[in-house]
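*Asks:* Quick one: the structure is below, and I'll ask about it shortly.
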Amino acid sequence: MSKDGNEAVQGGMNRRKLIGGLGAAAAAVPVGGALLMNRSQQASAQGDLSEAANAIISERQLTPDDVTAALETFMPAGTMDEFLMFSSSGHAGQVFVIGVPSMRVYRTIAVYTPEPWQGYGFSDETKAVLAGGNINGKSITHGDTHHVALSETDGVYDGQFAFINEKTHGRMAVIDLKDFNTKQIVKNPLLVSEHGGAFVTPNTEYILEADQYPTPLGWEYAPLSEYKEKYRGLVVLWKFDREAGRIVPEQSFGIETPPYAHDLADAGKGASAGWAFWNSFNTEMATGGVMDGNPPLEIGASQRDMDYLHVINYQRAAEVVAEGKAEQMNGFNVIRMDVAVAEGLMYLVPEPKSPHGVDITPNGEFMVISGKLDPHVTIFSFAKIQAAIAAGATEFDDYGVPILDFQSCLETQIELGLGPLHTQFDDKGFAYTSLFLDSAVARWSVGGADNPDGWQLIEKVPVHYNVGHIAVAGGDTAQPDGKFLVALNKWSVDRFPPVGPLLPQNLQLLDIREGKTMRPLTDMPMGMGEPHYAQIIRTDKIDAWFAYPQDGDKVGWDAIAGDFHPHGVQAGQEKVERDGTTVTVTGTVWRSRITPDILEVNEGDTVVWHITNIEMAKDTTHGFVLGGQDISLSLEPGETETVTFVADTPGVYPYYCTEFCSALHIEMAGYFLVKPAE
Ligand code: CUK
Ligand code: CUA
């Protein structure tokens, strides 16, 4: 039944496309309604549109550049974007999925925040995922997401998983791209805040994370006067089990560092595989204290000309943990600083003033450092770093960590402009760096053995305004796709209609293909959250489900457990059972009925309600809301979810489906009655 219904919808779409797209040429379509013309035949059948097009162009006073930009980003009905961008949402606690080049939002993925459309954080199953991120038993309903990391195989996105860090509470989340649902949130038991994550190693063995603002490790107290002695940094390697699709905290580990504030990170690949790199700032170890007449943190942390790149041998570190040389702190493996130094796991390389991004070239040979307060990008050679390690350090910081010689590790520096932040790469040997203060994107050529005359600034293009991260398709992988770049601009100032003092961010699409100007093609206001980093993957690498698995007659998938739900049932098997004051409902939803459609309980009863969407056709999602209990479920085809609540207030409560699923959708409803206690 449902399958036929689905085909009827498709047929209807074809007809609409025909009428809209072909106009007079529709007469050429053979009887039976089959769409036999391909797109290029349709295009020529449309004949010369220039008169109509010219009228629009002159009426709207479009320039030739405007017209080209519109054509590059226009997505004819029914065609697919070549790329999908997975973007952080900043403190909205979600992930956005955006088409490139059309710049249309296709999905949000709730991660750290309850979200009613997806029913995330309302069912028992998804509440348990959010509870994984509880802090000291307290449920936290926001999260500051910064860096999406798509899973990689051999240094290239494989389309299986996405990870995203949470800065406020030091948390990490796993999203399965089979169904675009968040499956796991883990809390770092030692870090109070973090920032240098999520970044994956080339085969997603580990996900990188590090503290942002040092604290005494493990939620201890120590006064700020003991900052140098008691406060510490920590870089973390979360172990990922791809088979299970989960982070394994027991197999993860951290490495204690001096109390320098860590910023962004990248995992080595190719030449530098097995190593990881974290920037740091505030190597001054300033603690602020303006009310006591001390310099504010931002001044105190900007005194020295150099901070430190942390060069970490994580492959060897994993062996050190296996050899039993890690300590357990709050149940987490930690390699203490003295062990890390003795085992040769950690080195510091001086890097210019308050750096932000560290980005590894596609071949893994070079580390590109962007210093917020330095107009250059500084490029270190991994081969030179290794030579400096082999030669032995002669300098050490206050904690005994070896400091490698800056000049010995340096490949070159390129002056790009003001406020360089983040770098991405394309498939033509170019790198792109965002310039926050210049509000521009710089394109420069990557040098090295293949291109000894490289390391040149090529051009700079203005973007609007105050660009943070940039994302190139595949731009941080071993094999970038290039083609498009999205500038994630923090400010939009004057570019959009007035919407009150809280303005959207502006995501701008730039065409970086050969022979194209890098001029922004289109603006995309993002009126939600503040996207930081994003990654762009080829759409054809995503192989998501349209319905949850069904096995013969067996239906009802638990999306979080990744298996059939013990309470999934087919139509006709629904039941209501009472055990003392607990009423267990095993129900179904399908077009256009919620079964049971009447449920009466006594005041004070506990209700456990399992609901299975028994449909398997594409897009036959049903919602389920019940007033007064904060329940909003989204039951996708083949899915079972559970809600548990106490019927604490007598009355009559309609429940209904929230997705306009059929002509009789509004009739898809029922009554929940709570009889008062005597
Ligand atoms: S940070 Cu936001 S613009 Cu968290 Cu990657 Cu640079
Ligand atoms: Cu189901 Cu509306």
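Going by the structure tokens order, chains are called A, B, ..., each with residues numbered from 1, while ligands are numbered from 1 in the order shown.
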Counting only C-alpha atoms and all ligand atoms, name the residues that have an atom within 10 Å of an atom of ligand 1; the answer should be given as a ChimeraX atom specification.
*Replies:* /A:88,90,144-148,165-167,194-198,212,263-265,356-357,372,420-422,434,436,466-470,488-490,530-534
*Asks:* Would you pick out the contacts of A:Gln479 at 10 Å or less, using only C-alpha atoms, so that residues sharing its chain but fewer than 2 positions from it are not included, and give the list as a VMD selection string?
*Replies:* chain A and resid 154 to 157 362 to 363 425 to 427 473 to 477 481 to 482
*Asks:* With all heavy atoms retained, export the selected residues as an mmCIF file, in the first residue's frame.
*Replies:*
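File produced: again_31.cif:
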```
data_model
loop_
_atom_site.group_PDB
_atom_site.id
_atom_site.type_symbol
_atom_site.label_atom_id
_atom_site.label_comp_id
_atom_site.auth_asym_id
_atom_site.auth_seq_id
_atom_site.Cartn_x
_atom_site.Cartn_y
_atom_site.Cartn_z
ATOM 1 N N ASP A 154 42.057 6.438 4.676
ATOM 2 C CA ASP A 154 43.250 6.857 3.930
ATOM 3 C C ASP A 154 43.296 8.365 3.713
ATOM 4 O O ASP A 154 43.670 8.847 2.638
ATOM 5 C CB ASP A 154 43.331 6.138 2.578
ATOM 6 C CG ASP A 154 43.510 4.635 2.740
ATOM 7 O OD1 ASP A 154 44.100 4.221 3.767
ATOM 8 O OD2 ASP A 154 43.058 3.883 1.861
ATOM 9 N N GLY A 155 42.887 9.113 4.711
ATOM 10 C CA GLY A 155 43.006 10.571 4.650
ATOM 11 C C GLY A 155 41.951 11.259 3.821
ATOM 12 O O GLY A 155 42.053 12.459 3.560
ATOM 13 N N VAL A 156 40.919 10.500 3.391
ATOM 14 C CA VAL A 156 39.871 11.083 2.546
ATOM 15 C C VAL A 156 38.518 10.806 3.195
ATOM 16 O O VAL A 156 38.291 9.717 3.737
ATOM 17 C CB VAL A 156 39.943 10.466 1.128
ATOM 18 C CG1 VAL A 156 38.816 10.984 0.252
ATOM 19 C CG2 VAL A 156 41.292 10.789 0.490
ATOM 20 N N TYR A 157 37.592 11.770 3.128
ATOM 21 C CA TYR A 157 36.262 11.575 3.717
ATOM 22 C C TYR A 157 35.622 10.311 3.148
ATOM 23 O O TYR A 157 35.601 10.109 1.938
ATOM 24 C CB TYR A 157 35.315 12.736 3.392
ATOM 25 C CG TYR A 157 35.796 14.104 3.789
ATOM 26 C CD1 TYR A 157 35.447 15.209 3.025
ATOM 27 C CD2 TYR A 157 36.579 14.310 4.921
ATOM 28 C CE1 TYR A 157 35.858 16.493 3.371
ATOM 29 C CE2 TYR A 157 36.995 15.588 5.271
ATOM 30 C CZ TYR A 157 36.637 16.672 4.486
ATOM 31 O OH TYR A 157 37.047 17.938 4.821
ATOM 32 N N PRO A 362 48.031 18.644 1.930
ATOM 33 C CA PRO A 362 47.477 17.332 1.558
ATOM 34 C C PRO A 362 48.493 16.192 1.592
ATOM 35 O O PRO A 362 48.145 15.058 1.925
ATOM 36 C CB PRO A 362 46.949 17.576 0.140
ATOM 37 C CG PRO A 362 46.605 19.030 0.105
ATOM 38 C CD PRO A 362 47.632 19.706 0.968
ATOM 39 N N ASN A 363 49.761 16.473 1.269
ATOM 40 C CA ASN A 363 50.760 15.398 1.302
ATOM 41 C C ASN A 363 51.338 15.178 2.695
ATOM 42 O O ASN A 363 52.164 14.283 2.894
ATOM 43 C CB ASN A 363 51.886 15.690 0.303
ATOM 44 C CG ASN A 363 52.603 16.999 0.597
ATOM 45 O OD1 ASN A 363 52.450 17.583 1.675
ATOM 46 N ND2 ASN A 363 53.403 17.462 -0.345
ATOM 47 N N PHE A 425 42.982 23.654 1.362
ATOM 48 C CA PHE A 425 43.767 23.354 0.149
ATOM 49 C C PHE A 425 42.837 22.905 -0.967
ATOM 50 O O PHE A 425 41.735 22.415 -0.714
ATOM 51 C CB PHE A 425 44.795 22.268 0.468
ATOM 52 C CG PHE A 425 45.684 22.644 1.625
ATOM 53 C CD1 PHE A 425 45.345 22.305 2.927
ATOM 54 C CD2 PHE A 425 46.840 23.389 1.414
ATOM 55 C CE1 PHE A 425 46.135 22.690 4.006
ATOM 56 C CE2 PHE A 425 47.642 23.780 2.481
ATOM 57 C CZ PHE A 425 47.289 23.422 3.787
ATOM 58 N N ASP A 426 43.306 23.073 -2.223
ATOM 59 C CA ASP A 426 42.513 22.564 -3.341
ATOM 60 C C ASP A 426 43.294 21.494 -4.103
ATOM 61 O O ASP A 426 44.350 21.046 -3.643
ATOM 62 C CB ASP A 426 42.020 23.706 -4.244
ATOM 63 C CG ASP A 426 43.134 24.288 -5.110
ATOM 64 O OD1 ASP A 426 44.281 23.773 -5.060
ATOM 65 O OD2 ASP A 426 42.868 25.257 -5.845
ATOM 66 N N ASP A 427 42.761 21.086 -5.251
ATOM 67 C CA ASP A 427 43.360 20.011 -6.035
ATOM 68 C C ASP A 427 44.377 20.532 -7.041
ATOM 69 O O ASP A 427 44.911 19.769 -7.835
ATOM 70 C CB ASP A 427 42.248 19.242 -6.769
ATOM 71 C CG ASP A 427 41.372 20.165 -7.596
ATOM 72 O OD1 ASP A 427 41.260 21.366 -7.255
ATOM 73 O OD2 ASP A 427 40.800 19.705 -8.595
ATOM 74 N N ALA A 473 35.905 22.146 -0.755
ATOM 75 C CA ALA A 473 35.483 20.749 -0.868
ATOM 76 C C ALA A 473 36.690 19.830 -0.676
ATOM 77 O O ALA A 473 37.687 19.949 -1.388
ATOM 78 C CB ALA A 473 34.829 20.514 -2.223
ATOM 79 N N GLY A 474 36.606 18.964 0.311
ATOM 80 C CA GLY A 474 37.720 18.060 0.623
ATOM 81 C C GLY A 474 38.981 18.795 1.062
ATOM 82 O O GLY A 474 40.068 18.224 1.028
ATOM 83 N N GLY A 475 38.828 20.043 1.495
ATOM 84 C CA GLY A 475 39.954 20.963 1.643
ATOM 85 C C GLY A 475 40.926 20.684 2.765
ATOM 86 O O GLY A 475 41.944 21.363 2.867
ATOM 87 N N ASP A 476 40.645 19.701 3.625
ATOM 88 C CA ASP A 476 41.645 19.348 4.639
ATOM 89 C C ASP A 476 42.026 17.875 4.507
ATOM 90 O O ASP A 476 42.555 17.293 5.435
ATOM 91 C CB ASP A 476 41.129 19.653 6.054
ATOM 92 C CG ASP A 476 40.024 18.703 6.484
ATOM 93 O OD1 ASP A 476 39.379 18.094 5.608
ATOM 94 O OD2 ASP A 476 39.807 18.565 7.709
ATOM 95 N N THR A 477 41.755 17.284 3.350
ATOM 96 C CA THR A 477 42.033 15.859 3.178
ATOM 97 C C THR A 477 43.295 15.648 2.339
ATOM 98 O O THR A 477 43.893 16.608 1.851
ATOM 99 C CB THR A 477 40.865 15.143 2.461
ATOM 100 O OG1 THR A 477 40.831 15.573 1.093
ATOM 101 C CG2 THR A 477 39.535 15.466 3.117
ATOM 102 N N ASP A 481 38.951 18.135 -3.301
ATOM 103 C CA ASP A 481 38.170 18.213 -4.538
ATOM 104 C C ASP A 481 38.281 19.585 -5.187
ATOM 105 O O ASP A 481 38.111 19.712 -6.394
ATOM 106 C CB ASP A 481 36.689 17.938 -4.236
ATOM 107 C CG ASP A 481 36.470 16.538 -3.707
ATOM 108 O OD1 ASP A 481 36.610 15.605 -4.501
ATOM 109 O OD2 ASP A 481 36.188 16.380 -2.511
ATOM 110 N N GLY A 482 38.507 20.617 -4.383
ATOM 111 C CA GLY A 482 38.570 21.971 -4.935
ATOM 112 C C GLY A 482 37.211 22.464 -5.367
ATOM 113 O O GLY A 482 36.211 22.226 -4.706
#
```
*Asks:* Which of these, A:Tyr314, A:Phe672, A:Phe660, A:Phe564, has the shortest distance to ligand 2 once you count only C-alpha atoms and all ligand atoms?
*Replies:* A:Phe660
*Asks:* Rank A:Ile140, A:Ile598, A:Ile614, A:Leu485 by their smallest atom-to-atom distance to A:Gln550, using only C-alpha atoms, and report the top residue only.
*Replies:*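 Selected residue with least distance to A:Gln550: A:Ile614.
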*Asks:* List as a list in words the protein and nucleic acid residues near A:His665, meaning an atom at most 9 Å away when only C-alpha atoms are counted, but skip any in the same chain fewer than 3 places from it.
*Replies:*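 Residues near the query, excluding close chain neighbours: Arg591, Ser592, Arg593, Tyr656, Cys657, Thr658, Glu659, Phe660, Cys661, Ser662, Met668 and Ala669 of chain A.
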*Asks:* Identify, with DSSP run on backbone atoms, the residues in stretch 341-509 of chain A assigned to strand (DSSP E or B), and express the list as an NGL selection string.
*Replies:* :A and (346-352 or 355-360 or 366-371 or 376-381 or 395-396 or 402-403 or 410-415 or 420-425 or 430-435 or 440-445 or 456-462 or 467-473 or 482-489 or 505-509)
*Asks:* Which residue gives the smallest distance to A:Tyr465 among A:Leu510, A:Ala478, A:Ala131, A:Ala440, with only C-alpha atoms counted?
*Replies:*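 Ranked by minimum distance to A:Tyr465, first place goes to A:Ala440.
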*Asks:* To one decimal place in Å, what is the distance between atom CA of A:Asp619 and atom CA of A:Asn181?
*Replies:*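 Atom CA of A:Asn181 lies 15.9 Å from atom CA of A:Asp619.
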*Asks:* Would you list the contacts of A:Pro375 as an MDAnalysis selection string, taking every protein, DNA or RNA residue within 10 Å and counting only C-alpha atoms, but skipping same-chain residues closer than 4 positions in sequence?
*Replies:* chainID A and resid 352 370:371 413:420 435 437
*Asks:* Which residue gives the smallest distance to A:Ser151 among A:Ala393, A:Val674, A:Val320, A:Ile164, with only C-alpha atoms counted?
*Replies:*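 Under the stated criterion, the closest residue is A:Ile164.
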*Asks:* So which residues touch A:Tyr399 within 10 Å, counting only C-alpha atoms, skipping near sequence neighbours fewer than 3 positions away, as an mmCIF file with all heavy atoms, in the first residue's frame?
*Replies:*
```cif
data_model
loop_
_atom_site.group_PDB
_atom_site.id
_atom_site.type_symbol
_atom_site.label_atom_id
_atom_site.label_comp_id
_atom_site.auth_asym_id
_atom_site.auth_seq_id
_atom_site.Cartn_x
_atom_site.Cartn_y
_atom_site.Cartn_z
ATOM 1 N N LYS A 228 50.818 28.223 37.735
ATOM 2 C CA LYS A 228 51.959 27.538 37.112
ATOM 3 C C LYS A 228 52.178 26.137 37.686
ATOM 4 O O LYS A 228 52.574 25.226 36.985
ATOM 5 C CB LYS A 228 53.238 28.361 37.274
ATOM 6 C CG LYS A 228 53.247 29.540 36.316
ATOM 7 C CD LYS A 228 54.517 30.343 36.368
ATOM 8 C CE LYS A 228 54.312 31.580 35.510
ATOM 9 N NZ LYS A 228 55.299 32.619 35.717
ATOM 10 N N GLU A 229 51.900 26.005 38.981
ATOM 11 C CA GLU A 229 52.160 24.715 39.623
ATOM 12 C C GLU A 229 51.012 23.736 39.437
ATOM 13 O O GLU A 229 51.243 22.532 39.239
ATOM 14 C CB GLU A 229 52.392 24.898 41.136
ATOM 15 C CG GLU A 229 53.535 25.832 41.523
ATOM 16 C CD GLU A 229 53.170 27.302 41.394
ATOM 17 O OE1 GLU A 229 52.041 27.664 41.773
ATOM 18 O OE2 GLU A 229 54.002 28.093 40.878
ATOM 19 N N THR A 257 50.052 18.487 29.481
ATOM 20 C CA THR A 257 50.954 19.495 28.923
ATOM 21 C C THR A 257 51.089 20.643 29.919
ATOM 22 O O THR A 257 50.315 20.741 30.874
ATOM 23 C CB THR A 257 50.417 20.072 27.596
ATOM 24 O OG1 THR A 257 49.386 21.026 27.902
ATOM 25 C CG2 THR A 257 49.853 18.996 26.676
ATOM 26 N N PRO A 258 52.063 21.524 29.680
ATOM 27 C CA PRO A 258 52.126 22.735 30.501
ATOM 28 C C PRO A 258 50.820 23.522 30.364
ATOM 29 O O PRO A 258 50.067 23.312 29.409
ATOM 30 C CB PRO A 258 53.300 23.513 29.893
ATOM 31 C CG PRO A 258 54.127 22.479 29.197
ATOM 32 C CD PRO A 258 53.157 21.450 28.709
ATOM 33 N N PRO A 259 50.556 24.452 31.290
ATOM 34 C CA PRO A 259 49.283 25.178 31.244
ATOM 35 C C PRO A 259 49.273 26.272 30.177
ATOM 36 O O PRO A 259 49.064 27.441 30.464
ATOM 37 C CB PRO A 259 49.160 25.750 32.660
ATOM 38 C CG PRO A 259 50.556 25.890 33.136
ATOM 39 C CD PRO A 259 51.341 24.797 32.488
ATOM 40 N N MET A 337 53.341 14.516 32.115
ATOM 41 C CA MET A 337 54.281 15.323 31.334
ATOM 42 C C MET A 337 55.695 14.743 31.351
ATOM 43 O O MET A 337 56.358 14.682 30.317
ATOM 44 C CB MET A 337 54.290 16.737 31.921
ATOM 45 C CG MET A 337 54.597 17.789 30.914
ATOM 46 S SD MET A 337 53.876 19.394 31.343
ATOM 47 C CE MET A 337 54.108 19.531 33.091
ATOM 48 N N ASP A 338 56.154 14.301 32.525
ATOM 49 C CA ASP A 338 57.535 13.793 32.598
ATOM 50 C C ASP A 338 57.690 12.525 31.763
ATOM 51 O O ASP A 338 58.711 12.332 31.102
ATOM 52 C CB ASP A 338 57.958 13.564 34.060
ATOM 53 C CG ASP A 338 56.993 12.659 34.819
ATOM 54 O OD1 ASP A 338 55.822 12.533 34.375
ATOM 55 O OD2 ASP A 338 57.394 12.068 35.844
ATOM 56 N N VAL A 341 57.782 13.493 28.069
ATOM 57 C CA VAL A 341 59.098 14.025 27.669
ATOM 58 C C VAL A 341 60.113 12.893 27.562
ATOM 59 O O VAL A 341 60.827 12.772 26.567
ATOM 60 C CB VAL A 341 59.566 15.106 28.682
ATOM 61 C CG1 VAL A 341 61.024 15.482 28.418
ATOM 62 C CG2 VAL A 341 58.664 16.330 28.601
ATOM 63 N N PHE A 396 64.715 24.054 26.742
ATOM 64 C CA PHE A 396 63.560 23.417 27.379
ATOM 65 C C PHE A 396 62.707 24.494 28.042
ATOM 66 O O PHE A 396 63.243 25.527 28.467
ATOM 67 C CB PHE A 396 64.032 22.392 28.428
ATOM 68 C CG PHE A 396 64.889 21.305 27.807
ATOM 69 C CD1 PHE A 396 66.260 21.496 27.627
ATOM 70 C CD2 PHE A 396 64.311 20.119 27.368
ATOM 71 C CE1 PHE A 396 67.045 20.508 27.020
ATOM 72 C CE2 PHE A 396 65.088 19.130 26.772
ATOM 73 C CZ PHE A 396 66.467 19.336 26.588
ATOM 74 N N PRO A 402 61.095 19.776 25.630
ATOM 75 C CA PRO A 402 62.076 20.263 24.662
ATOM 76 C C PRO A 402 61.483 21.260 23.669
ATOM 77 O O PRO A 402 60.385 21.056 23.164
ATOM 78 C CB PRO A 402 62.551 18.989 23.936
ATOM 79 C CG PRO A 402 61.618 17.911 24.330
ATOM 80 C CD PRO A 402 60.925 18.317 25.575
#
```
*Asks:* List the spatial neighbours of stretch 406-412 of chain A as a list in words - criterion: any atom at most 8 Å away, only C-alpha atoms, same-chain residues fewer than 6 positions off excluded.
*Replies:*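 Within the cut-off, the hits are Val349, Pro350, Glu351, Thr378, Ile379, Phe380, Ser381, Phe382, Lys384, Ile385, Ala388 and Trp455 of chain A.
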*Asks:* Mind writing the picked residues with C-alpha atoms as a compact mmCIF listing (two decimals), in the first residue's frame?
*Replies:*
```txt
# COMPACT_ATOMS: atom_id res chain seq x y z
CA VAL A 349 58.22 24.58 18.21
CA PRO A 350 58.10 28.36 18.67
CA GLU A 351 55.44 29.93 16.46
CA THR A 378 54.36 30.38 9.01
CA ILE A 379 55.12 27.07 7.33
CA PHE A 380 57.03 24.33 9.10
CA SER A 381 58.50 21.31 7.34
CA PHE A 382 57.76 17.96 8.96
CA LYS A 384 62.91 19.52 9.28
CA ILE A 385 61.01 19.01 12.55
CA ALA A 388 65.57 18.83 14.75
CA TRP A 455 55.11 29.72 -1.54
```
*Asks:* Contacts of A:Glu395 at 9 Å or less, counting only C-alpha atoms, minus same-chain residues fewer than 5 places along, as number ranges by chain?
*Replies:* A: 400-405
*Asks:* Go ahead and dump the residues you just picked, N, CA, C and O atoms, as a compact mmCIF listing (two decimals), in the first residue's frame.
*Replies:*
```
# COMPACT_ATOMS: atom_id res chain seq x y z
N GLY A 400 60.39 21.46 31.41
CA GLY A 400 61.30 20.45 30.88
C GLY A 400 60.92 19.91 29.52
O GLY A 400 61.49 18.92 29.05
N VAL A 401 59.95 20.54 28.86
CA VAL A 401 59.54 20.07 27.53
C VAL A 401 60.52 20.64 26.50
O VAL A 401 60.80 21.85 26.51
N PRO A 402 61.09 19.78 25.63
CA PRO A 402 62.08 20.26 24.66
C PRO A 402 61.48 21.26 23.67
O PRO A 402 60.38 21.06 23.16
N ILE A 403 62.22 22.35 23.44
CA ILE A 403 61.82 23.37 22.47
C ILE A 403 62.76 23.25 21.27
O ILE A 403 63.97 23.43 21.40
N LEU A 404 62.20 22.95 20.12
CA LEU A 404 63.01 22.84 18.91
C LEU A 404 63.31 24.24 18.37
O LEU A 404 62.54 25.18 18.60
N ASP A 405 64.41 24.35 17.65
CA ASP A 405 64.82 25.65 17.14
C ASP A 405 63.89 26.10 16.00
O ASP A 405 63.66 25.36 15.04
```
*Asks:* Hey, what does DSSP flag as alpha helix (DSSP H) within stretch 121-190 of chain A? Can you give it to me as number ranges by chain?
*Replies:* A: 124-131
*Asks:* Write a file of the just-selected residues containing C-alpha atoms, as a short mmCIF file (atom, residue, chain, number, x, y, z; two decimals), in the first residue's frame.
*Replies:*
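New file result_25.cif:
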```
data_model
loop_
_atom_site.label_atom_id
_atom_site.label_comp_id
_atom_site.auth_asym_id
_atom_site.auth_seq_id
_atom_site.Cartn_x
_atom_site.Cartn_y
_atom_site.Cartn_z
CA ASP A 124 13.77 7.82 26.27
CA GLU A 125 16.29 6.68 23.64
CA THR A 126 17.49 10.16 22.65
CA LYS A 127 17.30 11.48 26.22
CA ALA A 128 19.87 8.82 27.05
CA VAL A 129 22.18 10.17 24.32
CA LEU A 130 21.93 13.71 25.72
CA ALA A 131 22.45 12.36 29.23
#
```
*Asks:* Restricting the calculation to only C-alpha atoms, which member of A:Ala647, A:Ala173, A:Val608, A:Leu84 is positioned closest to A:Lys575?
*Replies:*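 Ranking A:Ala647, A:Ala173, A:Val608, A:Leu84 by distance to A:Lys575, first place goes to A:Val608.
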